[in-house]
file query_19.cif (mmCIF, C-alpha atoms)
data_structure
loop_
_atom_site.group_PDB
_atom_site.id
_atom_site.type_symbol
_atom_site.label_atom_id
_atom_site.label_comp_id
_atom_site.auth_asym_id
_atom_site.auth_seq_id
_atom_site.Cartn_x
_atom_site.Cartn_y
_atom_site.Cartn_z
ATOM 1 C CA MET A 1 -20.004 12.708 11.730
ATOM 2 C CA PHE A 2 -17.093 15.068 11.309
ATOM 3 C CA THR A 3 -17.846 18.781 11.154
ATOM 4 C CA ALA A 4 -16.412 21.184 8.605
ATOM 5 C CA ASP A 5 -14.663 23.334 11.204
ATOM 6 C CA VAL A 6 -12.964 20.315 12.818
ATOM 7 C CA ILE A 7 -11.563 17.995 10.161
ATOM 8 C CA PRO A 8 -8.749 19.289 7.921
ATOM 9 C CA ALA A 9 -8.033 17.930 4.442
ATOM 10 C CA SER A 10 -5.114 15.862 5.785
ATOM 11 C CA ALA A 11 -7.328 14.048 8.286
ATOM 12 C CA LEU A 12 -10.034 13.500 5.685
ATOM 13 C CA TYR A 13 -7.394 12.124 3.333
ATOM 14 C CA GLU A 14 -6.282 9.613 5.963
ATOM 15 C CA THR A 15 -9.875 8.559 6.642
ATOM 16 C CA LEU A 16 -10.655 8.049 2.960
ATOM 17 C CA ARG A 17 -7.343 6.276 2.459
ATOM 18 C CA GLU A 18 -8.172 3.769 5.181
ATOM 19 C CA ARG A 19 -11.646 3.225 3.732
ATOM 20 C CA ILE A 20 -10.143 2.457 0.328
ATOM 21 C CA LEU A 21 -7.510 0.094 1.697
ATOM 22 C CA ASP A 22 -9.945 -1.854 3.883
ATOM 23 C CA GLN A 23 -12.434 -1.926 0.972
ATOM 24 C CA THR A 24 -15.150 0.002 2.766
ATOM 25 C CA GLU A 25 -14.920 1.936 -0.502
ATOM 26 C CA ALA A 26 -14.950 -1.072 -2.819
ATOM 27 C CA PRO A 27 -13.061 -1.359 -6.131
ATOM 28 C CA GLY A 28 -15.012 0.545 -8.761
ATOM 29 C CA ALA A 29 -16.801 2.753 -6.219
ATOM 30 C CA SER A 30 -17.235 6.413 -7.095
ATOM 31 C CA VAL A 31 -15.838 8.960 -4.620
ATOM 32 C CA THR A 32 -17.294 12.371 -5.430
ATOM 33 C CA GLU A 33 -16.831 15.705 -3.728
ATOM 34 C CA ALA A 34 -20.575 15.877 -3.119
ATOM 35 C CA SER A 35 -20.700 12.438 -1.468
ATOM 36 C CA VAL A 36 -17.704 13.214 0.748
ATOM 37 C CA VAL A 37 -19.218 16.553 1.789
ATOM 38 C CA LEU A 38 -22.507 14.855 2.650
ATOM 39 C CA GLN A 39 -20.953 11.914 4.491
ATOM 40 C CA PHE A 40 -18.308 13.736 6.505
ATOM 41 C CA GLY A 41 -19.788 17.205 6.831
ATOM 42 C CA VAL A 42 -16.733 18.943 5.387
ATOM 43 C CA ALA A 43 -16.464 21.951 3.126
ATOM 44 C CA ARG A 44 -16.278 21.226 -0.588
ATOM 45 C CA PRO A 45 -12.696 22.575 -0.963
ATOM 46 C CA THR A 46 -11.607 20.184 1.825
ATOM 47 C CA ALA A 47 -13.196 17.254 0.007
ATOM 48 C CA LYS A 48 -11.569 18.314 -3.262
ATOM 49 C CA LEU A 49 -8.090 18.533 -1.717
ATOM 50 C CA ALA A 50 -8.367 15.105 -0.111
ATOM 51 C CA ILE A 51 -9.663 13.477 -3.292
ATOM 52 C CA GLU A 52 -6.992 15.073 -5.476
ATOM 53 C CA ARG A 53 -4.276 13.838 -3.124
ATOM 54 C CA LEU A 54 -5.675 10.301 -3.334
ATOM 55 C CA VAL A 55 -5.721 10.571 -7.133
ATOM 56 C CA ALA A 56 -2.078 11.707 -7.099
ATOM 57 C CA ASP A 57 -1.206 8.721 -4.891
ATOM 58 C CA GLY A 58 -2.874 6.264 -7.267
ATOM 59 C CA LEU A 59 -5.495 5.231 -4.715
ATOM 60 C CA LEU A 60 -8.199 6.854 -6.840
ATOM 61 C CA ARG A 61 -8.415 7.241 -10.594
ATOM 62 C CA ARG A 62 -10.105 10.100 -12.398
ATOM 63 C CA GLU A 63 -10.931 10.047 -16.093
ATOM 64 C CA ARG A 64 -11.679 13.253 -17.958
ATOM 65 C CA HIS A 65 -15.156 14.590 -17.084
ATOM 66 C CA HIS A 66 -15.781 11.704 -14.690
ATOM 67 C CA ALA A 67 -15.778 11.354 -10.906
ATOM 68 C CA ALA A 68 -12.848 9.748 -9.140
ATOM 69 C CA ARG A 69 -13.205 6.018 -8.603
ATOM 70 C CA VAL A 70 -11.421 3.369 -6.600
ATOM 71 C CA PRO A 71 -9.354 1.430 -9.169
ATOM 72 C CA ASP A 72 -10.767 -1.974 -10.028
ATOM 73 C CA LEU A 73 -7.538 -3.791 -10.827
ATOM 74 C CA SER A 74 -7.636 -6.437 -13.536
ATOM 75 C CA ARG A 75 -5.645 -9.657 -13.438
ATOM 76 C CA ASP A 76 -3.143 -8.118 -15.861
ATOM 77 C CA ASP A 77 -2.857 -5.066 -13.580
ATOM 78 C CA ILE A 78 -2.029 -7.282 -10.600
ATOM 79 C CA VAL A 79 0.581 -9.267 -12.539
ATOM 80 C CA ASP A 80 2.168 -6.100 -13.905
ATOM 81 C CA LEU A 81 2.288 -4.406 -10.506
ATOM 82 C CA TYR A 82 3.920 -7.347 -8.787
ATOM 83 C CA ASP A 83 6.357 -7.852 -11.670
ATOM 84 C CA ALA A 84 7.394 -4.193 -11.374
ATOM 85 C CA ARG A 85 7.599 -4.480 -7.607
ATOM 86 C CA ALA A 86 9.799 -7.561 -7.964
ATOM 87 C CA LEU A 87 12.255 -5.556 -10.045
ATOM 88 C CA VAL A 88 12.553 -2.782 -7.459
ATOM 89 C CA GLU A 89 12.193 -4.070 -3.900
ATOM 90 C CA PRO A 90 14.562 -7.087 -3.905
ATOM 91 C CA GLU A 91 17.368 -4.946 -5.288
ATOM 92 C CA ALA A 92 16.644 -2.262 -2.711
ATOM 93 C CA MET A 93 16.873 -4.880 0.056
ATOM 94 C CA ALA A 94 20.172 -6.154 -1.369
ATOM 95 C CA ALA A 95 21.545 -2.610 -1.423
ATOM 96 C CA LEU A 96 20.530 -2.126 2.205
ATOM 97 C CA ALA A 97 22.119 -5.420 3.191
ATOM 98 C CA ARG A 98 25.444 -4.343 1.797
ATOM 99 C CA GLY A 99 25.361 -1.591 4.428
ATOM 100 C CA GLY A 100 23.945 -3.911 7.090
ATOM 101 C CA ARG A 101 21.751 -1.236 8.673
ATOM 102 C CA ILE A 102 17.980 -1.117 9.142
ATOM 103 C CA PRO A 103 16.348 2.343 8.842
ATOM 104 C CA SER A 104 14.494 3.425 11.972
ATOM 105 C CA ALA A 105 11.284 4.065 10.011
ATOM 106 C CA ALA A 106 11.212 0.425 8.897
ATOM 107 C CA LEU A 107 11.689 -0.779 12.476
ATOM 108 C CA GLU A 108 8.881 1.493 13.658
ATOM 109 C CA ALA A 109 6.591 0.159 10.918
ATOM 110 C CA HIS A 110 7.492 -3.414 11.844
ATOM 111 C CA ARG A 111 6.753 -2.789 15.532
ATOM 112 C CA ALA A 112 3.425 -1.203 14.596
ATOM 113 C CA LEU A 113 2.633 -4.207 12.412
ATOM 114 C CA LEU A 114 3.358 -6.568 15.301
ATOM 115 C CA ASP A 115 1.079 -4.508 17.550
ATOM 116 C CA SER A 116 -1.720 -4.672 14.972
ATOM 117 C CA THR A 117 -1.171 -8.412 14.618
ATOM 118 C CA ARG A 118 -1.603 -8.914 18.365
ATOM 119 C CA THR A 119 -4.826 -6.891 18.434
ATOM 120 C CA GLY A 120 -6.286 -8.344 15.245
ATOM 121 C CA ARG A 121 -6.374 -5.045 13.349
ATOM 122 C CA SER A 122 -5.650 -4.796 9.632
ATOM 123 C CA ILE A 123 -1.949 -4.469 8.921
ATOM 124 C CA ALA A 124 -2.281 -2.986 5.417
ATOM 125 C CA ARG A 125 -1.053 0.457 6.456
ATOM 126 C CA GLU A 126 1.929 -0.868 8.436
ATOM 127 C CA ASP A 127 2.788 -3.370 5.697
ATOM 128 C CA ALA A 128 2.994 -0.616 3.087
ATOM 129 C CA ALA A 129 4.921 1.685 5.440
ATOM 130 C CA PHE A 130 7.491 -1.056 6.059
ATOM 131 C CA HIS A 131 8.231 -1.471 2.358
ATOM 132 C CA ARG A 132 8.239 2.254 1.706
ATOM 133 C CA ALA A 133 10.765 2.816 4.488
ATOM 134 C CA LEU A 134 13.133 0.086 3.340
ATOM 135 C CA VAL A 135 13.203 1.285 -0.255
ATOM 136 C CA ALA A 136 13.477 4.948 0.747
ATOM 137 C CA ALA A 137 16.570 4.186 2.850
ATOM 138 C CA GLN A 138 18.672 2.508 0.185
ATOM 139 C CA PRO A 139 21.351 4.509 -1.674
ATOM 140 C CA SER A 140 19.602 5.309 -4.978
ATOM 141 C CA PRO A 141 17.099 8.196 -4.939
ATOM 142 C CA ARG A 142 15.990 7.176 -8.437
ATOM 143 C CA LEU A 143 14.975 3.743 -7.221
ATOM 144 C CA THR A 144 12.998 5.409 -4.441
ATOM 145 C CA ARG A 145 11.172 7.648 -6.919
ATOM 146 C CA LEU A 146 10.373 4.649 -9.107
ATOM 147 C CA HIS A 147 8.954 2.787 -6.123
ATOM 148 C CA ASP A 148 6.864 5.807 -5.115
ATOM 149 C CA LEU A 149 5.207 5.751 -8.545
ATOM 150 C CA LEU A 150 4.110 2.169 -7.913
ATOM 151 C CA MET A 151 3.119 2.424 -4.281
ATOM 152 C CA GLY A 152 -0.458 3.700 -4.611
ATOM 153 C CA GLU A 153 -1.571 0.721 -6.657
ATOM 154 C CA ILE A 154 0.674 -1.602 -4.648
ATOM 155 C CA GLU A 155 -1.153 -0.427 -1.521
ATOM 156 C CA LEU A 156 -4.439 -1.289 -3.220
ATOM 157 C CA CYS A 157 -3.119 -4.816 -3.686
ATOM 158 C CA ILE A 158 -1.929 -5.001 -0.080
ATOM 159 C CA GLY A 159 -5.338 -3.755 1.039
ATOM 160 C CA GLN A 160 -7.092 -6.458 -0.973
ATOM 161 C CA VAL A 161 -4.849 -9.168 0.476
ATOM 162 C CA GLN A 162 -5.650 -8.004 3.997
ATOM 163 C CA ALA A 163 -9.350 -7.273 3.490
ATOM 164 C CA ASN A 164 -9.917 -10.734 2.040
ATOM 165 C CA HIS A 165 -7.716 -12.483 4.639
ATOM 166 C CA LEU A 166 -5.536 -14.047 1.956
ATOM 167 C CA LEU A 167 -2.400 -14.068 4.105
ATOM 168 C CA SER A 168 -2.280 -14.148 7.878
ATOM 169 C CA SER A 169 -0.785 -11.136 9.595
ATOM 170 C CA GLY A 170 1.476 -13.538 11.472
ATOM 171 C CA LEU A 171 2.945 -14.846 8.213
ATOM 172 C CA VAL A 172 3.492 -11.315 6.889
ATOM 173 C CA ALA A 173 5.239 -10.345 10.131
ATOM 174 C CA GLU A 174 7.406 -13.472 9.961
ATOM 175 C CA GLN A 175 8.441 -12.713 6.379
ATOM 176 C CA HIS A 176 9.200 -9.096 7.250
ATOM 177 C CA GLN A 177 11.373 -10.260 10.133
ATOM 178 C CA GLY A 178 13.222 -12.581 7.774
ATOM 179 C CA ILE A 179 14.018 -9.678 5.464
ATOM 180 C CA LEU A 180 15.219 -7.570 8.404
ATOM 181 C CA ASP A 181 17.420 -10.401 9.652
ATOM 182 C CA ALA A 182 19.035 -10.835 6.229
ATOM 183 C CA VAL A 183 19.700 -7.092 5.920
ATOM 184 C CA THR A 184 21.171 -6.914 9.438
ATOM 185 C CA ALA A 185 23.409 -9.885 8.647
ATOM 186 C CA GLY A 186 24.698 -8.083 5.573
ATOM 187 C CA ASN A 187 23.643 -10.962 3.305
ATOM 188 C CA ALA A 188 22.562 -9.273 0.074
ATOM 189 C CA ASP A 189 21.607 -12.476 -1.737
ATOM 190 C CA LEU A 190 19.463 -13.669 1.171
ATOM 191 C CA ALA A 191 17.783 -10.270 1.548
ATOM 192 C CA ARG A 192 17.051 -10.208 -2.180
ATOM 193 C CA GLY A 193 15.666 -13.735 -2.140
ATOM 194 C CA ARG A 194 13.476 -13.218 0.908
ATOM 195 C CA ALA A 195 12.054 -9.972 -0.467
ATOM 196 C CA LEU A 196 11.259 -11.677 -3.774
ATOM 197 C CA GLY A 197 9.650 -14.631 -2.015
ATOM 198 C CA HIS A 198 7.523 -12.282 0.072
ATOM 199 C CA ILE A 199 6.319 -10.454 -3.035
ATOM 200 C CA GLU A 200 5.585 -13.645 -4.954
ATOM 201 C CA ASN A 201 3.687 -15.104 -2.000
ATOM 202 C CA ALA A 202 1.343 -12.092 -1.887
ATOM 203 C CA ARG A 203 0.982 -12.022 -5.680
ATOM 204 C CA ASP A 204 0.037 -15.692 -5.878
ATOM 205 C CA ALA A 205 -2.498 -15.360 -3.060
ATOM 206 C CA LEU A 206 -4.140 -12.350 -4.711
ATOM 207 C CA LEU A 207 -4.227 -13.972 -8.154
ATOM 208 C CA THR A 208 -5.768 -17.136 -6.729
ATOM 209 C CA HIS A 209 -8.455 -15.022 -5.089
ATOM 210 C CA TYR A 210 -9.008 -13.042 -8.290
ATOM 211 C CA ASP A 211 -9.420 -16.202 -10.368
ATOM 212 C CA ALA A 212 -11.907 -17.615 -7.853
ATOM 213 C CA THR A 213 -14.078 -14.486 -7.814
ATOM 214 C CA HIS A 214 -14.078 -13.360 -11.461
#
call {"tool": "encode", "arguments": {"input": "query_19.cif", "output": "structure tokens"}}
result
Amino acid sequence: MFTADVIPASALYETLRERILDQTEAPGASVTEASVVLQFGVARPTAKLAIERLVADGLLRRERHHAARVPDLSRDDIVDLYDARALVEPEAMAALARGGRIPSAALEAHRALLDSTRTGRSIAREDAAFHRALVAAQPSPRLTRLHDLLMGEIELCIGQVQANHLLSSGLVAEQHQGILDAVTAGNADLARGRALGHIENARDALLTHYDATH
């Protein structure tokens, strides 16, 4: 157990974030200040700060006068999220390809993903970081802000894909490499198409799983 004089809000945030993405905190689960204080031995203000940051990121939802909960995404939520993602990310990849340069943060995320793939760890965090870095590096700051608004719930989807083993980490790494290769080659149409295919592949896998379990 963590102790209150050791773990800061930022570290608690990261711990809770990982628990949400790997579904240790399952969709629909309540995450209260009291439960976090009891489980991790932190001060209540530390728990509050971490929870509020997760709410701001979209990884928790809080309704008025209710505790924060892990979003339980409906089928319509999943379709809407991936449709919105498909409008943003392929165009961001095409914009990057026109410059023909890969941002260093995306390469670092890809290397980390490959390391996780070799060791069998979940790649949800690295997968999300890869997409964040690619969109953040393209020319339009407005497109980046739009993507940031989606990313919390998109990460929930990525976490569900990984936690339920719907796509192999090897396939995700291969598709990421294909996007990087298209951007490096300066082929905007290919980068756009590969990004869209990658998104649709994950969407279809998650929807198939949803339909089989609901």
call {"tool": "closest_residue", "arguments": {"input": "query_19.cif", "among": "A:Ser35, A:Ser168, A:Thr46, A:Ala195", "to": "Gly120 (chain A)", "atoms": "only C-alpha atoms"}}
result
A:Ser168
call {"tool": "residues_around", "arguments": {"input": "query_19.cif", "residues": "Arg75 (chain A)", "least_positions_apart": "4", "cutoff": "10 Å", "atoms": "only C-alpha atoms", "output": "list in words"}}
result
Val79, Asp80, Leu81, Leu206, Leu207, Tyr210, Asp211 and His214 of chain A
call {"tool": "write_last_selection", "arguments": {"input": "query_19.cif", "atoms": "C-alpha atoms", "output": "CSV table (one decimal), in the frame of the given file"}}
result
chain,number,residue,atom,x,y,z
A,79,VAL,CA,0.6,-9.3,-12.5
A,80,ASP,CA,2.2,-6.1,-13.9
A,81,LEU,CA,2.3,-4.4,-10.5
A,206,LEU,CA,-4.1,-12.4,-4.7
A,207,LEU,CA,-4.2,-14.0,-8.2
A,210,TYR,CA,-9.0,-13.0,-8.3
A,211,ASP,CA,-9.4,-16.2,-10.4
A,214,HIS,CA,-14.1,-13.4,-11.5
call {"tool": "resolve_selection", "arguments": {"input": "query_19.cif", "expression": "the PyMOL selection byres ((chain A and resi 106) around 12)", "output": "PyMOL selection string"}}
result
chain A and resi 93+96+101-105+107-113+126-138+176-177+179-180+183
call {"tool": "residues_around", "arguments": {"input": "query_19.cif", "residues": "Thr117 (chain A)", "least_positions_apart": "5", "cutoff": "8 Å", "atoms": "all atoms listed in the file", "output": "PyMOL selection string"}}
result
chain A and resi 122-123+169-170
call {"tool": "write_last_selection", "arguments": {"input": "query_19.cif", "atoms": "C-alpha atoms", "output": "compact mmCIF listing (two decimals), keeping the file's coordinate frame"}}
result
# COMPACT_ATOMS: atom_id res chain seq x y z
CA SER A 122 -5.65 -4.80 9.63
CA ILE A 123 -1.95 -4.47 8.92
CA SER A 169 -0.78 -11.14 9.60
CA GLY A 170 1.48 -13.54 11.47
call {"tool": "resolve_selection", "arguments": {"input": "query_19.cif", "expression": "the PyMOL selection byres ((chain A and resi 56-68) around 7)", "output": "list in words"}}
result
Ser30, Val31, Thr32, Glu52, Arg53, Leu54, Val55, Arg69, Val70, Pro71, Gly152, Glu153 and Leu156 of chain A
call {"tool": "resolve_selection", "arguments": {"input": "query_19.cif", "expression": "the PyMOL selection byres ((chain A and resi 191) around 12)", "output": "PyMOL selection string"}}
result
chain A and resi 89-100+102+134+175-190+192-198
call {"tool": "atom_distance", "arguments": {"input": "query_19.cif", "atom1": "CA of Glu174 (chain A)", "atom2": "CA of Val88 (chain A)"}}
result
21.1 Å
call {"tool": "closest_residue", "arguments": {"input": "query_19.cif", "among": "A:Cys157, A:Ala34, A:Ala86, A:Ala29", "to": "Leu73 (chain A)", "atoms": "only C-alpha atoms"}}
result
A:Cys157
call {"tool": "atom_distance", "arguments": {"input": "query_19.cif", "atom1": "CA of His209 (chain A)", "atom2": "CA of Arg19 (chain A)"}}
result
20.5 Å
call {"tool": "atom_distance", "arguments": {"input": "query_19.cif", "atom1": "CA of Ala43 (chain A)", "atom2": "CA of Ile7 (chain A)"}}
result
9.4 Å
call {"tool": "residues_around", "arguments": {"input": "query_19.cif", "residues": "Asp72 (chain A)", "least_positions_apart": "5", "cutoff": "9 Å", "atoms": "only C-alpha atoms", "output": "count of residues only"}}
result
4
call {"tool": "closest_residue", "arguments": {"input": "query_19.cif", "among": "A:Leu87, A:Ile51, A:Leu146, A:Leu38", "to": "Leu12 (chain A)", "atoms": "all atoms listed in the file"}}
result
A:Ile51
call {"tool": "closest_residue", "arguments": {"input": "query_19.cif", "among": "A:Thr144, A:Ser116, A:Ser10, A:Gln23", "to": "Ala47 (chain A)", "atoms": "only C-alpha atoms"}}
result
A:Ser10
call {"tool": "axis_aligned_box", "arguments": {"input": "query_19.cif", "around": "region 180-193 of chain A", "padding_each_side": "5 Å", "output": "JSON"}}
result
{"center_x": 20.0, "center_y": -10.3, "center_z": 3.7, "size_x": 19.5, "size_y": 16.8, "size_z": 21.8}
call {"tool": "closest_residue", "arguments": {"input": "query_19.cif", "among": "A:Glu155, A:Pro8, A:Arg145, A:Asp115", "to": "Leu49 (chain A)", "atoms": "only C-alpha atoms"}}
result
A:Pro8
call {"tool": "build_atoms", "arguments": {"input": "query_19.cif", "residues": "region 19-40 of chain A", "atoms": "N, CA and C atoms", "output": "compact mmCIF listing (two decimals), in the coordinates of the input"}}
result
# COMPACT_ATOMS: atom_id res chain seq x y z
N ARG A 19 -10.42 3.82 4.26
CA ARG A 19 -11.65 3.22 3.73
C ARG A 19 -11.40 2.54 2.39
N ILE A 20 -10.49 3.08 1.60
CA ILE A 20 -10.14 2.46 0.33
C ILE A 20 -9.35 1.18 0.56
N LEU A 21 -8.37 1.25 1.46
CA LEU A 21 -7.51 0.09 1.70
C LEU A 21 -8.26 -1.06 2.36
N ASP A 22 -9.21 -0.75 3.25
CA ASP A 22 -9.94 -1.85 3.88
C ASP A 22 -11.19 -2.24 3.09
N GLN A 23 -11.35 -1.62 1.91
CA GLN A 23 -12.43 -1.93 0.97
C GLN A 23 -13.82 -1.54 1.48
N THR A 24 -13.87 -0.63 2.46
CA THR A 24 -15.15 0.00 2.77
C THR A 24 -15.63 0.74 1.52
N GLU A 25 -14.67 1.40 0.84
CA GLU A 25 -14.92 1.94 -0.50
C GLU A 25 -14.42 0.87 -1.47
N ALA A 26 -15.32 0.11 -2.04
CA ALA A 26 -14.95 -1.07 -2.82
C ALA A 26 -14.35 -0.70 -4.17
N PRO A 27 -13.57 -1.60 -4.78
CA PRO A 27 -13.06 -1.36 -6.13
C PRO A 27 -14.20 -1.00 -7.08
N GLY A 28 -13.99 0.07 -7.84
CA GLY A 28 -15.01 0.55 -8.76
C GLY A 28 -15.93 1.59 -8.19
N ALA A 29 -15.91 1.79 -6.86
CA ALA A 29 -16.80 2.75 -6.22
C ALA A 29 -16.43 4.18 -6.60
N SER A 30 -17.43 5.00 -6.79
CA SER A 30 -17.24 6.41 -7.10
C SER A 30 -17.06 7.19 -5.80
N VAL A 31 -16.07 8.09 -5.78
CA VAL A 31 -15.84 8.96 -4.62
C VAL A 31 -15.92 10.40 -5.11
N THR A 32 -17.06 11.02 -4.92
CA THR A 32 -17.29 12.37 -5.43
C THR A 32 -17.14 13.39 -4.32
N GLU A 33 -16.89 14.63 -4.71
CA GLU A 33 -16.83 15.70 -3.73
C GLU A 33 -18.15 15.82 -2.99
N ALA A 34 -19.25 15.73 -3.74
CA ALA A 34 -20.58 15.88 -3.12
C ALA A 34 -20.83 14.78 -2.08
N SER A 35 -20.45 13.54 -2.41
CA SER A 35 -20.70 12.44 -1.47
C SER A 35 -19.84 12.57 -0.23
N VAL A 36 -18.60 13.04 -0.40
CA VAL A 36 -17.70 13.21 0.75
C VAL A 36 -18.20 14.35 1.64
N VAL A 37 -18.66 15.44 1.02
CA VAL A 37 -19.22 16.55 1.79
C VAL A 37 -20.42 16.09 2.60
N LEU A 38 -21.30 15.33 1.98
CA LEU A 38 -22.51 14.86 2.65
C LEU A 38 -22.18 13.88 3.77
N GLN A 39 -21.25 12.96 3.51
CA GLN A 39 -20.95 11.91 4.49
C GLN A 39 -20.16 12.42 5.68
N PHE A 40 -19.22 13.32 5.44
CA PHE A 40 -18.31 13.74 6.50
C PHE A 40 -18.56 15.16 7.00
